[in-house]
file model-v4.pdb (PDB, C-alpha atoms)
ATOM      1  CA  MET A   1      75.698 152.062  71.840
ATOM      2  CA  THR A   2      72.196 153.525  71.516
ATOM      3  CA  SER A   3      70.147 154.773  74.452
ATOM      4  CA  MET A   4      67.736 151.831  74.112
ATOM      5  CA  SER A   5      70.592 149.302  74.044
ATOM      6  CA  ARG A   6      72.149 150.922  77.094
ATOM      7  CA  ALA A   7      68.766 150.781  78.836
ATOM      8  CA  ARG A   8      68.528 147.024  78.212
ATOM      9  CA  VAL A   9      72.044 146.427  79.540
ATOM     10  CA  ALA A  10      71.359 148.617  82.578
ATOM     11  CA  ARG A  11      68.164 146.685  83.343
ATOM     12  CA  ARG A  12      70.056 143.385  83.160
ATOM     13  CA  ILE A  13      72.807 144.626  85.481
ATOM     14  CA  ALA A  14      70.332 146.119  87.954
ATOM     15  CA  ALA A  15      68.229 142.959  87.911
ATOM     16  CA  GLY A  16      71.317 140.852  88.528
ATOM     17  CA  ALA A  17      72.227 143.102  91.443
ATOM     18  CA  ALA A  18      68.749 142.880  92.940
ATOM     19  CA  TYR A  19      68.413 139.122  92.605
ATOM     20  CA  GLY A  20      71.992 138.072  93.218
ATOM     21  CA  GLY A  21      72.894 137.257  89.637
ATOM     22  CA  GLY A  22      76.444 136.760  88.488
ATOM     23  CA  GLY A  23      78.648 139.331  86.866
ATOM     24  CA  ILE A  24      77.775 140.648  83.435
ATOM     25  CA  GLY A  25      80.958 141.416  81.540
ATOM     26  CA  LEU A  26      81.593 144.962  80.396
ATOM     27  CA  ALA A  27      84.018 143.856  77.697
ATOM     28  CA  GLY A  28      84.405 140.706  75.646
ATOM     29  CA  ALA A  29      86.859 138.045  76.738
ATOM     30  CA  ALA A  30      89.104 138.724  73.753
ATOM     31  CA  THR A  31      89.682 142.294  74.923
ATOM     32  CA  VAL A  32      90.244 141.603  78.605
ATOM     33  CA  GLY A  33      94.000 141.060  78.336
ATOM     34  CA  LEU A  34      94.493 144.305  76.440
ATOM     35  CA  LEU A  35      92.163 146.157  78.795
ATOM     36  CA  VAL A  36      94.048 144.978  81.874
ATOM     37  CA  ALA A  37      97.482 145.715  80.411
ATOM     38  CA  GLN A  38      96.570 149.224  79.332
ATOM     39  CA  ALA A  39      94.713 149.921  82.587
ATOM     40  CA  GLN A  40      97.807 148.972  84.572
ATOM     41  CA  LEU A  41      99.934 151.226  82.384
ATOM     42  CA  ALA A  42      97.501 154.119  82.795
ATOM     43  CA  ARG A  43      97.406 153.643  86.566
ATOM     44  CA  ARG A  44     101.215 153.729  86.712
ATOM     45  CA  ARG A  45     101.299 156.923  84.676
ATOM     46  CA  VAL A  46      98.778 158.789  86.822
ATOM     47  CA  GLY A  47      99.762 157.276  90.155
ATOM     48  CA  ASN A  48      96.046 156.771  90.911
ATOM     49  CA  GLY A  49      96.246 157.616  94.563
ATOM     50  CA  ALA A  50      99.559 156.024  95.491
ATOM     51  CA  THR A  51     100.266 158.967  97.803
ATOM     52  CA  PRO A  52      96.815 160.494  98.253
ATOM     53  CA  HIS A  53      96.611 163.985  99.649
ATOM     54  CA  VAL A  54      93.144 164.928 100.814
ATOM     55  CA  PRO A  55      92.674 168.187 102.716
ATOM     56  CA  ASN A  56      90.541 167.856 105.837
ATOM     57  CA  ALA A  57      87.464 169.914 104.996
ATOM     58  CA  ASP A  58      85.229 168.689 107.827
ATOM     59  CA  GLY A  59      83.662 171.348 109.994
ATOM     60  CA  LEU A  60      80.892 173.930 110.102
ATOM     61  CA  TYR A  61      80.156 176.107 107.070
ATOM     62  CA  GLY A  62      77.961 179.193 107.087
ATOM     63  CA  ALA A  63      78.474 179.796 110.796
ATOM     64  CA  ALA A  64      77.206 183.359 110.300
ATOM     65  CA  HIS A  65      73.721 181.884 109.778
ATOM     66  CA  THR A  66      73.683 180.229 113.207
ATOM     67  CA  VAL A  67      70.431 180.753 115.105
ATOM     68  CA  PRO A  68      70.259 179.699 118.773
ATOM     69  CA  GLY A  69      68.227 176.526 119.127
ATOM     70  CA  GLU A  70      68.250 175.733 115.400
ATOM     71  CA  PRO A  71      70.588 172.859 114.504
ATOM     72  CA  ALA A  72      72.911 172.918 111.542
ATOM     73  CA  LEU A  73      72.125 170.819 108.502
ATOM     74  CA  ARG A  74      74.372 167.775 108.242
ATOM     75  CA  LEU A  75      76.095 166.793 104.990
ATOM     76  CA  THR A  76      78.135 163.595 104.678
ATOM     77  CA  MET A  77      80.349 162.724 101.715
ATOM     78  CA  LEU A  78      80.832 159.034 100.882
ATOM     79  CA  GLY A  79      82.629 157.213  98.088
ATOM     80  CA  ASP A  80      86.062 157.438  96.519
ATOM     81  CA  SER A  81      88.738 160.055  95.868
ATOM     82  CA  THR A  82      86.341 162.235  93.875
ATOM     83  CA  ALA A  83      84.032 162.573  96.874
ATOM     84  CA  ALA A  84      86.994 163.097  99.204
ATOM     85  CA  GLY A  85      88.613 165.768  97.037
ATOM     86  CA  GLN A  86      91.943 164.165  96.227
ATOM     87  CA  GLY A  87      94.146 166.313  94.031
ATOM     88  CA  VAL A  88      93.494 169.767  95.507
ATOM     89  CA  HIS A  89      95.559 171.550  98.124
ATOM     90  CA  ARG A  90      93.026 173.534 100.157
ATOM     91  CA  ALA A  91      90.012 172.346 102.125
ATOM     92  CA  GLY A  92      87.777 174.939 100.493
ATOM     93  CA  GLN A  93      88.433 173.388  97.064
ATOM     94  CA  THR A  94      87.010 169.950  97.901
ATOM     95  CA  PRO A  95      83.536 169.037  96.646
ATOM     96  CA  GLY A  96      82.297 168.615 100.211
ATOM     97  CA  ALA A  97      83.348 172.142 101.152
ATOM     98  CA  LEU A  98      81.895 173.583  97.956
ATOM     99  CA  LEU A  99      78.575 171.817  98.486
ATOM    100  CA  ALA A 100      78.422 172.718 102.186
ATOM    101  CA  SER A 101      79.054 176.385 101.385
ATOM    102  CA  GLY A 102      76.430 176.319  98.638
ATOM    103  CA  ILE A 103      73.799 174.675 100.827
ATOM    104  CA  ALA A 104      74.507 177.106 103.673
ATOM    105  CA  ALA A 105      74.098 180.096 101.364
ATOM    106  CA  LEU A 106      70.815 178.868  99.879
ATOM    107  CA  ALA A 107      69.311 177.578 103.130
ATOM    108  CA  GLU A 108      70.689 180.452 105.209
ATOM    109  CA  ARG A 109      71.586 177.845 107.784
ATOM    110  CA  PRO A 110      74.954 176.498 108.885
ATOM    111  CA  VAL A 111      75.998 173.152 107.443
ATOM    112  CA  GLY A 112      78.153 170.613 109.243
ATOM    113  CA  LEU A 113      80.321 168.633 106.827
ATOM    114  CA  SER A 114      81.576 165.132 107.578
ATOM    115  CA  THR A 115      83.642 163.122 105.092
ATOM    116  CA  VAL A 116      83.977 159.341 105.228
ATOM    117  CA  ALA A 117      84.910 158.951 101.547
ATOM    118  CA  THR A 118      88.239 157.200 100.992
ATOM    119  CA  PRO A 119      90.620 157.513  98.016
ATOM    120  CA  GLY A 120      90.752 154.268  96.072
ATOM    121  CA  ALA A 121      87.451 153.023  97.497
ATOM    122  CA  ARG A 122      85.179 150.771  95.497
ATOM    123  CA  SER A 123      81.490 150.181  96.030
ATOM    124  CA  ASP A 124      82.174 147.285  98.393
ATOM    125  CA  ASP A 125      83.650 149.821 100.852
ATOM    126  CA  LEU A 126      80.350 151.682 101.129
ATOM    127  CA  ASP A 127      79.035 149.366 103.840
ATOM    128  CA  ARG A 128      81.900 150.429 106.108
ATOM    129  CA  GLN A 129      81.442 154.080 105.209
ATOM    130  CA  VAL A 130      77.695 154.006 105.871
ATOM    131  CA  THR A 131      78.361 152.447 109.269
ATOM    132  CA  LEU A 132      80.648 155.386 110.073
ATOM    133  CA  ALA A 133      78.106 157.901 108.781
ATOM    134  CA  LEU A 134      75.347 156.420 110.959
ATOM    135  CA  ALA A 135      77.505 155.699 114.013
ATOM    136  CA  ASP A 136      75.687 158.297 116.130
ATOM    137  CA  PRO A 137      71.892 157.794 115.887
ATOM    138  CA  SER A 138      71.351 161.295 117.266
ATOM    139  CA  ARG A 139      73.330 162.844 114.395
ATOM    140  CA  VAL A 140      71.949 161.169 111.282
ATOM    141  CA  PRO A 141      72.936 163.197 108.190
ATOM    142  CA  ASP A 142      70.238 165.277 106.538
ATOM    143  CA  ILE A 143      71.836 164.663 103.149
ATOM    144  CA  CYS A 144      74.466 162.207 101.917
ATOM    145  CA  VAL A 145      76.350 162.580  98.650
ATOM    146  CA  ILE A 146      77.986 159.467  97.210
ATOM    147  CA  MET A 147      80.472 159.519  94.328
ATOM    148  CA  VAL A 148      81.711 156.061  93.402
ATOM    149  CA  GLY A 149      82.273 153.708  90.486
ATOM    150  CA  ALA A 150      85.532 154.662  88.774
ATOM    151  CA  ASN A 151      87.626 152.205  90.789
ATOM    152  CA  ASP A 152      85.013 149.500  90.225
ATOM    153  CA  VAL A 153      85.625 149.813  86.482
ATOM    154  CA  THR A 154      89.418 149.995  86.647
ATOM    155  CA  HIS A 155      89.554 146.992  89.008
ATOM    156  CA  ARG A 156      86.992 145.028  86.951
ATOM    157  CA  MET A 157      84.462 144.578  89.741
ATOM    158  CA  PRO A 158      81.403 142.828  88.256
ATOM    159  CA  PRO A 159      78.815 145.563  87.691
ATOM    160  CA  THR A 160      76.041 143.548  89.331
ATOM    161  CA  ARG A 161      78.130 143.362  92.499
ATOM    162  CA  SER A 162      78.980 147.055  92.274
ATOM    163  CA  VAL A 163      75.329 148.081  91.954
ATOM    164  CA  ARG A 164      74.287 145.695  94.724
ATOM    165  CA  HIS A 165      76.666 147.359  97.194
ATOM    166  CA  LEU A 166      75.580 150.847  96.144
ATOM    167  CA  ALA A 167      71.871 150.044  96.376
ATOM    168  CA  SER A 168      72.393 148.541  99.827
ATOM    169  CA  ALA A 169      74.180 151.699 100.988
ATOM    170  CA  VAL A 170      71.398 153.928  99.686
ATOM    171  CA  ARG A 171      68.762 151.730 101.323
ATOM    172  CA  ARG A 172      70.498 151.911 104.719
ATOM    173  CA  LEU A 173      70.869 155.687 104.540
ATOM    174  CA  ARG A 174      67.279 156.243 103.412
ATOM    175  CA  THR A 175      65.971 153.919 106.124
ATOM    176  CA  ALA A 176      67.881 155.978 108.691
ATOM    177  CA  GLY A 177      66.178 159.137 107.410
ATOM    178  CA  ALA A 178      68.887 160.701 105.233
ATOM    179  CA  GLU A 179      68.316 162.046 101.737
ATOM    180  CA  VAL A 180      70.775 160.569  99.234
ATOM    181  CA  VAL A 181      72.243 161.960  96.016
ATOM    182  CA  VAL A 182      74.630 159.796  94.001
ATOM    183  CA  GLY A 183      77.058 161.144  91.435
ATOM    184  CA  THR A 184      77.255 158.172  89.091
ATOM    185  CA  CYS A 185      80.404 156.677  87.594
ATOM    186  CA  PRO A 186      82.393 159.279  85.638
ATOM    187  CA  ASP A 187      83.460 158.733  82.055
ATOM    188  CA  LEU A 188      86.933 157.206  82.307
ATOM    189  CA  GLY A 189      87.370 157.695  78.573
ATOM    190  CA  THR A 190      88.227 161.350  79.254
ATOM    191  CA  ILE A 191      91.414 160.553  81.194
ATOM    192  CA  GLU A 192      94.425 161.691  79.181
ATOM    193  CA  PRO A 193      96.814 158.758  79.874
ATOM    194  CA  VAL A 194      94.170 156.280  78.665
ATOM    195  CA  GLN A 195      94.718 155.425  74.995
ATOM    196  CA  GLN A 196      92.633 153.617  72.403
ATOM    197  CA  PRO A 197      91.188 151.022  72.424
ATOM    198  CA  LEU A 198      91.050 151.228  76.216
ATOM    199  CA  ARG A 199      89.569 154.724  75.974
ATOM    200  CA  TRP A 200      86.540 153.426  74.050
ATOM    201  CA  LEU A 201      86.147 150.413  76.333
ATOM    202  CA  ALA A 202      86.462 152.582  79.439
ATOM    203  CA  ARG A 203      83.801 154.979  78.165
ATOM    204  CA  ARG A 204      81.447 152.110  77.336
ATOM    205  CA  ALA A 205      81.974 150.396  80.690
ATOM    206  CA  SER A 206      81.609 153.674  82.596
ATOM    207  CA  ARG A 207      78.314 154.554  80.952
ATOM    208  CA  GLN A 208      76.897 151.065  81.389
ATOM    209  CA  LEU A 209      77.734 151.142  85.084
ATOM    210  CA  ALA A 210      76.382 154.688  85.491
ATOM    211  CA  ALA A 211      73.042 153.688  83.968
ATOM    212  CA  ALA A 212      72.785 150.588  86.158
ATOM    213  CA  GLN A 213      73.741 152.618  89.240
ATOM    214  CA  THR A 214      70.909 155.016  88.454
ATOM    215  CA  ILE A 215      68.326 152.239  88.382
ATOM    216  CA  GLY A 216      69.600 150.767  91.657
ATOM    217  CA  VAL A 217      69.676 154.135  93.430
ATOM    218  CA  VAL A 218      66.283 155.353  92.232
ATOM    219  CA  GLU A 219      64.651 152.072  93.237
ATOM    220  CA  GLN A 220      65.928 152.648  96.795
ATOM    221  CA  GLY A 221      64.583 156.204  96.989
ATOM    222  CA  GLY A 222      67.722 158.143  96.122
ATOM    223  CA  ARG A 223      68.480 160.613  93.347
ATOM    224  CA  THR A 224      71.300 160.496  90.838
ATOM    225  CA  VAL A 225      73.274 163.059  88.880
ATOM    226  CA  SER A 226      75.317 161.771  85.960
ATOM    227  CA  LEU A 227      78.939 162.857  86.206
ATOM    228  CA  GLY A 228      79.680 161.475  82.750
ATOM    229  CA  ASP A 229      82.713 163.251  81.321
ATOM    230  CA  LEU A 230      82.874 165.143  84.608
ATOM    231  CA  LEU A 231      80.049 167.397  83.670
ATOM    232  CA  GLY A 232      80.222 168.740  80.230
ATOM    233  CA  PRO A 233      82.408 169.610  77.280
ATOM    234  CA  GLU A 234      84.581 171.753  79.547
ATOM    235  CA  PHE A 235      86.686 168.704  80.405
ATOM    236  CA  ALA A 236      87.180 167.649  76.806
ATOM    237  CA  ALA A 237      88.065 171.204  75.799
ATOM    238  CA  ASN A 238      90.265 172.040  78.797
ATOM    239  CA  PRO A 239      91.768 168.808  80.157
ATOM    240  CA  ARG A 240      94.901 170.587  81.382
ATOM    241  CA  GLU A 241      92.830 173.057  83.385
ATOM    242  CA  LEU A 242      90.102 170.812  84.750
ATOM    243  CA  PHE A 243      92.214 167.757  85.572
ATOM    244  CA  GLY A 244      94.813 167.911  88.309
ATOM    245  CA  PRO A 245      98.575 167.430  87.933
ATOM    246  CA  ASP A 246      98.225 163.629  87.773
ATOM    247  CA  SER A 247      95.805 163.919  84.785
ATOM    248  CA  TYR A 248      93.463 161.570  86.668
ATOM    249  CA  HIS A 249      91.801 163.466  89.495
ATOM    250  CA  PRO A 250      89.945 166.738  88.924
ATOM    251  CA  SER A 251      91.619 170.050  89.626
ATOM    252  CA  ALA A 252      90.038 172.720  91.815
ATOM    253  CA  GLU A 253      88.214 174.040  88.736
ATOM    254  CA  GLY A 254      87.086 170.518  87.896
ATOM    255  CA  TYR A 255      85.640 169.913  91.349
ATOM    256  CA  ALA A 256      83.855 173.269  91.192
ATOM    257  CA  THR A 257      82.287 172.266  87.870
ATOM    258  CA  ALA A 258      81.118 168.970  89.348
ATOM    259  CA  ALA A 259      79.777 170.615  92.502
ATOM    260  CA  MET A 260      77.809 173.152  90.450
ATOM    261  CA  ALA A 261      76.008 170.294  88.719
ATOM    262  CA  VAL A 262      75.296 168.318  91.901
ATOM    263  CA  LEU A 263      74.242 171.261  94.107
ATOM    264  CA  PRO A 264      70.774 171.824  92.550
ATOM    265  CA  THR A 265      69.824 168.182  93.107
ATOM    266  CA  VAL A 266      71.147 168.238  96.675
ATOM    267  CA  CYS A 267      69.114 171.361  97.409
ATOM    268  CA  ALA A 268      66.015 169.887  95.765
ATOM    269  CA  ALA A 269      66.348 166.787  97.951
ATOM    270  CA  LEU A 270      66.442 169.081 101.001
ATOM    271  CA  GLY A 271      63.391 171.039  99.806
ATOM    272  CA  LEU A 272      65.428 174.197  99.196
ATOM    273  CA  TRP A 273      64.969 174.540  95.436
ATOM    274  CA  PRO A 274      62.232 176.795  93.978
ATOM    275  CA  ALA A 275      58.977 174.851  93.650
ATOM    276  CA  GLU A 276      58.372 176.077  90.104
ATOM    277  CA  GLU A 277      61.591 174.406  88.969
ATOM    278  CA  GLU A 278      60.411 171.003  90.201
ATOM    279  CA  ARG A 279      57.931 170.690  87.340
ATOM    280  CA  PRO A 280      59.379 169.083  84.194
ATOM    281  CA  ASP A 281      60.234 171.563  81.455
ATOM    282  CA  ALA A 282      59.561 170.171  77.986
ATOM    283  CA  ALA A 283      61.795 172.833  76.455
ATOM    284  CA  ARG A 284      64.714 171.322  78.383
ATOM    285  CA  ARG A 285      63.707 167.783  77.335
ATOM    286  CA  GLU A 286      62.624 166.918  80.871
ATOM    287  CA  GLY A 287      59.851 164.481  81.635
ATOM    288  CA  PHE A 288      58.697 161.118  82.931
ATOM    289  CA  LEU A 289      60.274 157.989  81.454
ATOM    290  CA  PRO A 290      60.625 154.318  82.375
ATOM    291  CA  VAL A 291      63.489 154.273  84.853
ATOM    292  CA  ALA A 292      65.809 152.222  82.615
ATOM    293  CA  ARG A 293      65.360 154.606  79.704
ATOM    294  CA  ALA A 294      65.841 157.639  81.958
ATOM    295  CA  ALA A 295      69.007 156.029  83.323
ATOM    296  CA  ALA A 296      70.372 155.407  79.832
ATOM    297  CA  GLU A 297      69.669 158.961  78.714
ATOM    298  CA  ALA A 298      71.282 160.380  81.842
ATOM    299  CA  ALA A 299      74.401 158.269  81.303
ATOM    300  CA  SER A 300      74.747 159.834  77.859
ATOM    301  CA  GLU A 301      74.417 163.434  79.042
ATOM    302  CA  ALA A 302      76.414 164.638  82.016
ATOM    303  CA  GLY A 303      74.680 166.717  84.656
ATOM    304  CA  THR A 304      71.299 165.001  84.229
ATOM    305  CA  GLU A 305      69.237 164.165  87.323
ATOM    306  CA  VAL A 306      67.026 161.113  87.722
ATOM    307  CA  THR A 307      64.604 160.676  90.609
ATOM    308  CA  ALA A 308      61.734 158.294  91.305
ATOM    309  CA  ALA A 309      58.268 159.157  90.012
ATOM    310  CA  THR A 310      54.907 157.928  91.233
ATOM    311  CA  PRO A 311      53.415 156.420  88.066
ATOM    312  CA  THR A 312      54.240 152.821  87.179
ATOM    313  CA  GLY A 313      53.725 151.611  83.640
ATOM    314  CA  PRO A 314      53.836 148.263  81.836
ATOM    315  CA  ARG A 315      57.618 148.564  81.571
ATOM    316  CA  GLY A 316      58.078 148.920  85.318
ATOM    317  CA  PRO A 317      58.827 151.920  87.547
ATOM    318  CA  TRP A 318      59.036 155.387  86.053
ATOM    319  CA  ALA A 319      61.395 158.216  86.855
ATOM    320  CA  LEU A 320      61.573 161.959  86.399
ATOM    321  CA  LEU A 321      64.493 163.086  84.261
ATOM    322  CA  LYS A 322      65.599 166.674  84.824
ATOM    323  CA  ARG A 323      68.322 168.861  83.389
ATOM    324  CA  ARG A 324      68.595 171.452  86.117
ATOM    325  CA  ARG A 325      70.141 174.848  85.551
ATOM    326  CA  ARG A 326      73.496 175.123  87.234
ATOM    327  CA  ARG A 327      73.959 177.866  89.792
ATOM    328  CA  ARG A 328      77.267 179.551  90.437
ATOM    329  CA  LEU A 329      78.712 178.447  93.746
ATOM    330  CA  PRO A 330      79.326 180.981  96.490
ATOM    331  CA  GLU A 331      82.911 181.459  97.538
ATOM    332  CA  ALA A 332      83.819 178.503  99.742
ATOM    333  CA  GLU A 333      85.021 179.309 103.208
ATOM    334  CA  PRO A 334      88.805 178.913 103.325
ATOM    335  CA  GLU A 335      88.733 177.225 106.735
ATOM    336  CA  PRO A 336      85.543 175.789 108.217
ATOM    337  CA  SER A 337      84.721 176.141 111.863
ATOM    338  CA  THR A 338      85.593 172.996 113.785
ATOM    339  CA  GLN A 339      82.446 173.250 115.900
ATOM    340  CA  HIS A 340      79.413 171.229 114.829
ATOM    341  CA  SER A 341      75.921 171.957 116.064
TER     342      SER A 341
END
call {"tool": "encode", "arguments": {"input": "model-v4.pdb", "output": "structure tokens"}}
result
Amino acid sequence: MTSMSRARVARRIAAGAAYGGGGIGLAGAATVGLLVAQAQLARRRVGNGATPHVPNADGLYGAAHTVPGEPALRLTMLGDSTAAGQGVHRAGQTPGALLASGIAALAERPVGLSTVATPGARSDDLDRQVTLALADPSRVPDICVIMVGANDVTHRMPPTRSVRHLASAVRRLRTAGAEVVVGTCPDLGTIEPVQQPLRWLARRASRQLAAAQTIGVVEQGGRTVSLGDLLGPEFAANPRELFGPDSYHPSAEGYATAAMAVLPTVCAALGLWPAEEERPDAARREGFLPVARAAAEAASEAGTEVTAATPTGPRGPWALLKRRRRRRLPEAEPEPSTQHS
């Protein structure tokens, strides 16, 4: 599917989500039976969270940067098993811990991490998770990272419904004052137990949903980073290393790769990134595009950021597409402090 075709599909899905339209199928009716049968087989082979183990990474990171009277930054992770860190054995290997450590190092401020993400969650669970994240009005997160969408595809949730739930979650968080970064639906075509033709269908459905998610998020004031094939050719070249033992969830190295791609956007949302890097770089194919086209391009290239832009053209809202340079993550703290500021 071309970028322009994907942009048209993404616009239709996002419009259906915004105006309450019905589901737009991600695969033809003739393929649904095969898709379901192979998806069930793949889920049995990988387990897909039947006995989820998620280390508790919540706590205070960068405590050495504590300054009396200056509160810690607050990071909340929402979404599914990818956001929670299922598949690793130590708290410091989860994406939340990696991001909290990275933010603390760059901001030179402590970061309090809270995780409400739940393994197996779909986008319709985000309402519950947002309620938990905003339960204490005096402790609204400074930044929320959402990773969701894979279970929506494998459970055949209509994409319009999926995007509607995600957009609503972003709107609630932004209204409360939190910055929001969404890691869009990963490319399920990279999962080893998934065979053809399901692999092709899964990749197509994943990218369509990721593009539509981007439109919905950007329209609500959030930013997106495309997870795609879990951020680059590393996963295709080293599936044994970057996927965990179940061949479904990322390994510690896989989560580190994902966190490296998301961290620059998180820091930019918090105003921590160098100002000179906020300008689009033509040499890196960055620039302003209609939001649907930016979303389609991002879905095709993992690690691409899309954020709202001021100008509005005849084709609707515009967005800034950026391909930020990844920064190596600092060593995550093995055990966070349990004290929050």
call {"tool": "closest_residue", "arguments": {"input": "model-v4.pdb", "among": "A:Gly79, A:Gly59, A:Gly287, A:Pro159", "to": "A:Arg122", "atoms": "all atoms listed in the file"}}
result
A:Gly79
call {"tool": "atom_distance", "arguments": {"input": "model-v4.pdb", "atom1": "atom CA of A:Leu166", "atom2": "atom CA of A:Gln213"}}
result
7.4 Å
call {"tool": "resolve_selection", "arguments": {"input": "model-v4.pdb", "expression": "the PyMOL selection byres ((chain A and resi 265-276) around 9)", "output": "ChimeraX atom specification"}}
result
/A:99,102-103,106-107,142-145,179-181,222-225,261-264,277-279,305,324
call {"tool": "residues_around", "arguments": {"input": "model-v4.pdb", "residues": "A:Thr82", "least_positions_apart": "5", "cutoff": "10 Å", "atoms": "all atoms listed in the file", "output": "ChimeraX atom specification"}}
result
/A:77,87,94-96,117-121,146-148,150,183,186,249-250,255,258
call {"tool": "write_last_selection", "arguments": {"input": "model-v4.pdb", "atoms": "C-alpha atoms", "output": "JSON list (two decimals), in the coordinates of the input"}}
result
[["chain", "number", "residue", "atom", "x", "y", "z"],
["A", 77, "MET", "CA", 80.35, 162.72, 101.72],
["A", 87, "GLY", "CA", 94.15, 166.31, 94.03],
["A", 94, "THR", "CA", 87.01, 169.95, 97.90],
["A", 95, "PRO", "CA", 83.54, 169.04, 96.65],
["A", 96, "GLY", "CA", 82.30, 168.62, 100.21],
["A", 117, "ALA", "CA", 84.91, 158.95, 101.55],
["A", 118, "THR", "CA", 88.24, 157.20, 100.99],
["A", 119, "PRO", "CA", 90.62, 157.51, 98.02],
["A", 120, "GLY", "CA", 90.75, 154.27, 96.07],
["A", 121, "ALA", "CA", 87.45, 153.02, 97.50],
["A", 146, "ILE", "CA", 77.99, 159.47, 97.21],
["A", 147, "MET", "CA", 80.47, 159.52, 94.33],
["A", 148, "VAL", "CA", 81.71, 156.06, 93.40],
["A", 150, "ALA", "CA", 85.53, 154.66, 88.77],
["A", 183, "GLY", "CA", 77.06, 161.14, 91.44],
["A", 186, "PRO", "CA", 82.39, 159.28, 85.64],
["A", 249, "HIS", "CA", 91.80, 163.47, 89.50],
["A", 250, "PRO", "CA", 89.94, 166.74, 88.92],
["A", 255, "TYR", "CA", 85.64, 169.91, 91.35],
["A", 258, "ALA", "CA", 81.12, 168.97, 89.35]]
call {"tool": "closest_residue", "arguments": {"input": "model-v4.pdb", "among": "A:Ala100, A:Val116, A:Ala298, A:Ala57", "to": "A:Glu286", "atoms": "only C-alpha atoms"}}
result
A:Ala298
call {"tool": "closest_atom_pairs", "arguments": {"input": "model-v4.pdb", "of": "stretch 120-200 of chain A", "to": "stretch 205-212 of chain A", "cutoff": "9 Å", "atoms": "all atoms listed in the file", "output": "tab-separated table"}}
result
residue	atom	partner	partner_atom	distance
A:Gly149	CA	A:Leu209	CA	7.5
A:Ala150	CA	A:Ser206	CA	7.4
A:Val153	CA	A:Ser206	CA	6.8
A:Pro159	CA	A:Leu209	CA	6.3
A:Thr160	CA	A:Ala212	CA	8.4
A:Ser162	CA	A:Leu209	CA	8.4
A:Val163	CA	A:Ala212	CA	6.8
A:Gly183	CA	A:Ala210	CA	8.8
A:Thr184	CA	A:Ala210	CA	5.1
A:Cys185	CA	A:Ala210	CA	5.0
A:Pro186	CA	A:Ser206	CA	6.4
A:Asp187	CA	A:Ser206	CA	5.4
A:Leu188	CA	A:Ser206	CA	6.4
A:Gly189	CA	A:Ser206	CA	8.1
A:Trp200	CA	A:Ala205	CA	8.6
call {"tool": "closest_residue", "arguments": {"input": "model-v4.pdb", "among": "A:Val111, A:Ala299, A:Leu126, A:Ala282", "to": "A:Arg203", "atoms": "all atoms listed in the file"}}
result
A:Ala299
call {"tool": "atom_distance", "arguments": {"input": "model-v4.pdb", "atom1": "atom CA of A:Ala294", "atom2": "atom CA of A:Pro141"}}
result
27.7 Å
call {"tool": "residues_around", "arguments": {"input": "model-v4.pdb", "residues": "A:Ala309", "least_positions_apart": "6", "cutoff": "10 Å", "atoms": "all atoms listed in the file", "output": "list of chain:residue names"}}
result
A:Val218, A:Gly221, A:Phe288, A:Leu289, A:Pro290, A:Val291, A:Pro317, A:Trp318, A:Ala319, A:Leu320, A:Leu321
call {"tool": "resolve_selection", "arguments": {"input": "model-v4.pdb", "expression": "the PyMOL selection byres ((chain A and resi 130) around 12)", "output": "PyMOL selection string"}}
result
chain A and resi 76-79+114-117+123-129+131-136+140-141+144-146+165-176+178+180
call {"tool": "atom_distance", "arguments": {"input": "model-v4.pdb", "atom1": "atom CA of A:Gly228", "atom2": "atom CA of A:Thr307"}}
result
17.0 Å
call {"tool": "closest_residue", "arguments": {"input": "model-v4.pdb", "among": "A:Leu201, A:Val54, A:Ala292, A:Ala256", "to": "A:Val306", "atoms": "only C-alpha atoms"}}
result
A:Ala292
call {"tool": "closest_residue", "arguments": {"input": "model-v4.pdb", "among": "A:Glu108, A:Asp80, A:Glu297, A:Glu219", "to": "A:Gly62", "atoms": "all atoms listed in the file"}}
result
A:Glu108
call {"tool": "axis_aligned_box", "arguments": {"input": "model-v4.pdb", "around": "stretch 153-160 of chain A", "padding_each_side": "8 Å", "output": "AutoDock Vina command-line options"}}
result
--center_x 82.8 --center_y 146.4 --center_z 88.1 --size_x 29.5 --size_y 23.2 --size_z 19.3
